Amino acid sequence: MSDYRTITYSPAYTLVPTYECFNRCTYCNFRANPGDSPWLTIEDAEGRLKQLRHQGVCEILILSGEVHPQSSLRQAWFERIYALCQLALSLGFLPHTNVGILSFAEMRSLGQVNVSMGLMLEQLTPNLRQTVHRHAPSKVPEVRLQQLAWAGELRIPFTTGLLLGIGEKPEDWWETLDAIAQIHCHYGHIQEVILQPYSPGSQESWDASGFDLYKLPDVIAKARQMLPSDITLQIPPNLVPDSQWLLACLAAGARDLGGIVPKDEVNPDYPHLHLPKLKEILQSAGWKLVPRLPVYPQYQSWLPSRLQESLRQ
Ligand code: SF4
């Protein structure tokens, strides 16, 4: 029997339907102004996905800026996302969509073509609406909590998380974690919680230092105590570049490194280590890095039969 402990990651590739977003979070390194980001065409996406076949990629992470719910382009935006999911499935990949706030009907539709979905809760404190989220209507905490509840009602395996270091106080972390724990106790659908340290990038308008990574293991340890044990804690390894602190995060209870992608679209200034190097660092401390699917085993029976068939293939 191996003495190694296991840590998981998802071999993934990101498709961005559009970078345009009607919100303006000041720490954002992703968004473009509406009209300034040509949408990804199905033909272009198909060309990219075909090149990925037989390269070990399983998850297609569909990540998009948000088109305003009242915009005349909203329906076309939604249909493009849906078509990208269908395309990914048709080519043998498993989609995981995270495109911001959805209507109940939109979420229900996307649940038919995604093996899991995601939305960061970030922080529940309303104080951020006066600061980093002043011009981000989608970051109203109640609206985001509602999204988590809808995903639960729809039995969609879900990923959420906290963005740490955007102006909140430590007590706000516990309030946000407690809300996630409660919603999971009700619906049982939260498969993982990401603890993402804010990391300044070159494209944002906010002038702030990054989250103090030395605090991250303590936050992870407290989160591990607060959250039900069937929720996996995830940290993005490219945002914890010091291997000593990365290992401290695992010792504190993180057990997943999320999607390892060629380009972190949300944090483009922070590339991932090459997988062999990451494996070597982890192995030196007794961890074995193993790939996983974008849906955790305990949720696979929740999926529509067509998606279960995709999983089997
Ligand atoms: S963080 Fe997300 S919601 Fe905020 S501006 Fe960037 S893309 Fe839009």
# chains A, B, ... in the order shown; residues from 1 in each chain; ligands from 1
>>> residues_near_ligand(ligand="ligand 1", cutoff="6 Å", atoms="only C-alpha atoms and all ligand atoms", output="CSV table (one decimal) with N, CA and C atoms, in the first residue's frame")
chain,number,residue,atom,x,y,z
A,21,CYS,N,-18.2,42.4,-19.6
A,21,CYS,CA,-19.0,42.2,-18.4
A,21,CYS,C,-19.5,43.6,-18.0
A,23,ASN,N,-20.5,44.3,-15.0
A,23,ASN,CA,-20.0,44.7,-13.7
A,23,ASN,C,-18.6,45.3,-13.8
A,24,ARG,N,-18.3,46.0,-12.8
A,24,ARG,CA,-16.9,46.6,-12.8
A,24,ARG,C,-16.3,46.4,-11.4
A,25,CYS,N,-15.9,45.2,-11.0
A,25,CYS,CA,-15.3,44.9,-9.8
A,25,CYS,C,-13.9,45.5,-9.9
A,28,CYS,N,-10.8,43.3,-10.8
A,28,CYS,CA,-10.9,42.4,-11.9
A,28,CYS,C,-9.8,42.5,-12.9
A,30,PHE,N,-10.0,40.5,-15.7
A,30,PHE,CA,-10.6,39.6,-16.7
A,30,PHE,C,-11.5,40.4,-17.7
A,31,ARG,N,-12.2,41.4,-17.2
A,31,ARG,CA,-13.3,42.0,-17.9
A,31,ARG,C,-12.8,42.9,-19.0
A,65,GLY,N,-17.6,36.7,-18.8
A,65,GLY,CA,-18.2,37.9,-18.3
A,65,GLY,C,-19.7,37.9,-18.4
>>> residues_around(residues="Ile260 (chain A)", least_positions_apart="6", cutoff="8 Å", atoms="only C-alpha atoms", output="JSON, numbers by chain")
{"A": [9, 10, 11, 12, 13, 272]}
>>> closest_residue(among="A:Pro294, A:Pro17, A:Pro141, A:Pro197", to="Phe158 (chain A)", atoms="only C-alpha atoms")
A:Pro294
>>> residues_around(residues="Leu239 (chain A)", least_positions_apart="6", cutoff="9 Å", atoms="only C-alpha atoms", output="list in words")
Gln196, Pro197, Tyr198, Ser199, Leu213, Asn267, Tyr270, Pro271 and His272 of chain A
>>> write_last_selection(atoms="C-alpha atoms", output="CSV table (one decimal), in the first residue's frame")
chain,number,residue,atom,x,y,z
A,196,GLN,CA,-8.8,32.1,-3.2
A,197,PRO,CA,-6.3,34.6,-2.0
A,198,TYR,CA,-6.7,38.0,-3.8
A,199,SER,CA,-3.6,38.4,-5.9
A,213,LEU,CA,-0.5,34.1,2.3
A,267,ASN,CA,-5.5,35.7,-12.7
A,270,TYR,CA,-0.1,34.0,-12.3
A,271,PRO,CA,0.8,31.0,-14.5
A,272,HIS,CA,0.5,27.5,-13.1
>>> residues_around(residues="region 219-221 of chain A", least_positions_apart="3", cutoff="12 Å", atoms="only C-alpha atoms", output="VMD selection string")
chain A and resid 161 to 165 170 to 174 177 193 to 197 211 to 216 224 to 227 232 to 235 245 to 246 248 to 255
>>> residues_around(residues="region 281-293 of chain A", least_positions_apart="3", cutoff="12 Å", atoms="only C-alpha atoms", output="ChimeraX atom specification")
/A:2-12,56-61,93-96,115-116,191,237,241-251,254-260,273-278,296-300,310-312
>>> residues_around(residues="Glu106 (chain A)", least_positions_apart="3", cutoff="10 Å", atoms="only C-alpha atoms", output="JSON, numbers by chain")
{"A": [75, 78, 79, 82, 101, 102, 103, 109, 110, 111]}
>>> write_last_selection(atoms="N, CA and C atoms", output="CSV table (one decimal), in the first residue's frame")
chain,number,residue,atom,x,y,z
A,75,GLN,N,-30.1,36.9,-24.5
A,75,GLN,CA,-30.5,35.6,-25.0
A,75,GLN,C,-29.4,35.0,-25.9
A,78,PHE,N,-26.6,33.7,-23.7
A,78,PHE,CA,-26.9,32.5,-23.0
A,78,PHE,C,-26.9,31.3,-24.0
A,79,GLU,N,-27.4,31.5,-25.2
A,79,GLU,CA,-27.4,30.4,-26.2
A,79,GLU,C,-26.0,30.1,-26.7
A,82,TYR,N,-24.6,27.8,-23.9
A,82,TYR,CA,-25.3,26.5,-24.0
A,82,TYR,C,-24.7,25.7,-25.2
A,101,ILE,N,-24.3,35.5,-12.5
A,101,ILE,CA,-25.7,35.3,-12.1
A,101,ILE,C,-26.6,34.9,-13.2
A,102,LEU,N,-27.4,33.9,-12.9
A,102,LEU,CA,-28.3,33.3,-13.9
A,102,LEU,C,-29.7,33.4,-13.4
A,103,SER,N,-30.7,33.5,-14.4
A,103,SER,CA,-32.1,33.3,-13.9
A,103,SER,C,-32.3,31.8,-13.6
A,109,SER,N,-31.5,25.1,-17.5
A,109,SER,CA,-31.1,24.7,-18.8
A,109,SER,C,-29.7,24.2,-18.8
A,110,LEU,N,-28.8,25.1,-18.1
A,110,LEU,CA,-27.4,24.7,-18.1
A,110,LEU,C,-27.1,23.5,-17.3
A,111,GLY,N,-28.0,23.2,-16.3
A,111,GLY,CA,-27.8,22.0,-15.6
A,111,GLY,C,-28.0,20.7,-16.4
>>> select_by_dssp(residues="region 60-160 of chain A", states="alpha helix (DSSP H)", output="PDB file with C-alpha atoms, in the first residue's frame")
ATOM      1  CA  ARG A  74     -28.669  38.377 -23.168  1.00  0.00           C
ATOM      2  CA  GLN A  75     -30.481  35.574 -25.002  1.00  0.00           C
ATOM      3  CA  ALA A  76     -27.739  35.276 -27.631  1.00  0.00           C
ATOM      4  CA  TRP A  77     -25.098  35.232 -24.853  1.00  0.00           C
ATOM      5  CA  PHE A  78     -26.919  32.457 -23.045  1.00  0.00           C
ATOM      6  CA  GLU A  79     -27.404  30.446 -26.237  1.00  0.00           C
ATOM      7  CA  ARG A  80     -23.687  30.733 -27.046  1.00  0.00           C
ATOM      8  CA  ILE A  81     -22.784  29.354 -23.624  1.00  0.00           C
ATOM      9  CA  TYR A  82     -25.279  26.516 -23.987  1.00  0.00           C
ATOM     10  CA  ALA A  83     -23.944  25.678 -27.458  1.00  0.00           C
ATOM     11  CA  LEU A  84     -20.357  25.634 -26.163  1.00  0.00           C
ATOM     12  CA  CYS A  85     -21.382  23.137 -23.484  1.00  0.00           C
ATOM     13  CA  GLN A  86     -23.070  20.940 -26.078  1.00  0.00           C
ATOM     14  CA  LEU A  87     -20.002  21.158 -28.294  1.00  0.00           C
ATOM     15  CA  ALA A  88     -17.705  20.125 -25.439  1.00  0.00           C
ATOM     16  CA  LEU A  89     -19.934  17.147 -24.634  1.00  0.00           C
ATOM     17  CA  SER A  90     -20.104  16.097 -28.277  1.00  0.00           C
ATOM     18  CA  PHE A 104     -33.646  30.131 -12.536  1.00  0.00           C
ATOM     19  CA  ALA A 105     -34.611  29.028 -16.063  1.00  0.00           C
ATOM     20  CA  GLU A 106     -31.093  29.648 -17.376  1.00  0.00           C
ATOM     21  CA  MET A 107     -29.564  27.666 -14.539  1.00  0.00           C
ATOM     22  CA  ARG A 108     -32.005  24.820 -15.066  1.00  0.00           C
ATOM     23  CA  SER A 109     -31.109  24.657 -18.784  1.00  0.00           C
ATOM     24  CA  LEU A 110     -27.379  24.728 -18.149  1.00  0.00           C
ATOM     25  CA  GLY A 111     -27.814  21.977 -15.560  1.00  0.00           C
ATOM     26  CA  PRO A 141     -24.619  39.026  -1.431  1.00  0.00           C
ATOM     27  CA  GLU A 142     -28.306  37.963  -1.220  1.00  0.00           C
ATOM     28  CA  VAL A 143     -28.426  37.446  -4.987  1.00  0.00           C
ATOM     29  CA  ARG A 144     -25.402  35.159  -4.854  1.00  0.00           C
ATOM     30  CA  LEU A 145     -26.777  33.180  -1.929  1.00  0.00           C
ATOM     31  CA  GLN A 146     -29.967  32.747  -3.915  1.00  0.00           C
ATOM     32  CA  GLN A 147     -27.925  31.255  -6.770  1.00  0.00           C
ATOM     33  CA  LEU A 148     -26.468  28.668  -4.405  1.00  0.00           C
ATOM     34  CA  ALA A 149     -29.958  27.797  -3.171  1.00  0.00           C
ATOM     35  CA  TRP A 150     -31.312  27.474  -6.722  1.00  0.00           C
ATOM     36  CA  ALA A 151     -28.451  25.154  -7.645  1.00  0.00           C
ATOM     37  CA  GLY A 152     -29.406  23.073  -4.620  1.00  0.00           C
ATOM     38  CA  GLU A 153     -33.076  22.992  -5.620  1.00  0.00           C
TER      39      GLU A 153
END
>>> closest_residue(among="A:Asp218, A:Asp264, A:Glu168, A:Glu122", to="Ile180 (chain A)", atoms="only C-alpha atoms")
A:Glu122
>>> atom_distance(atom1="CA of Asn238 (chain A)", atom2="CA of Pro217 (chain A)")
15.5 Å
>>> select_by_dssp(residues="region 16-117 of chain A", states="strand (DSSP E)", output="count of residues only")
12
>>> residues_around(residues="Ala208 (chain A)", least_positions_apart="5", cutoff="9 Å", atoms="only C-alpha atoms", output="ChimeraX atom specification")
/A:27,166,200
>>> atom_distance(atom1="CA of Asn98 (chain A)", atom2="CA of Val16 (chain A)")
10.1 Å
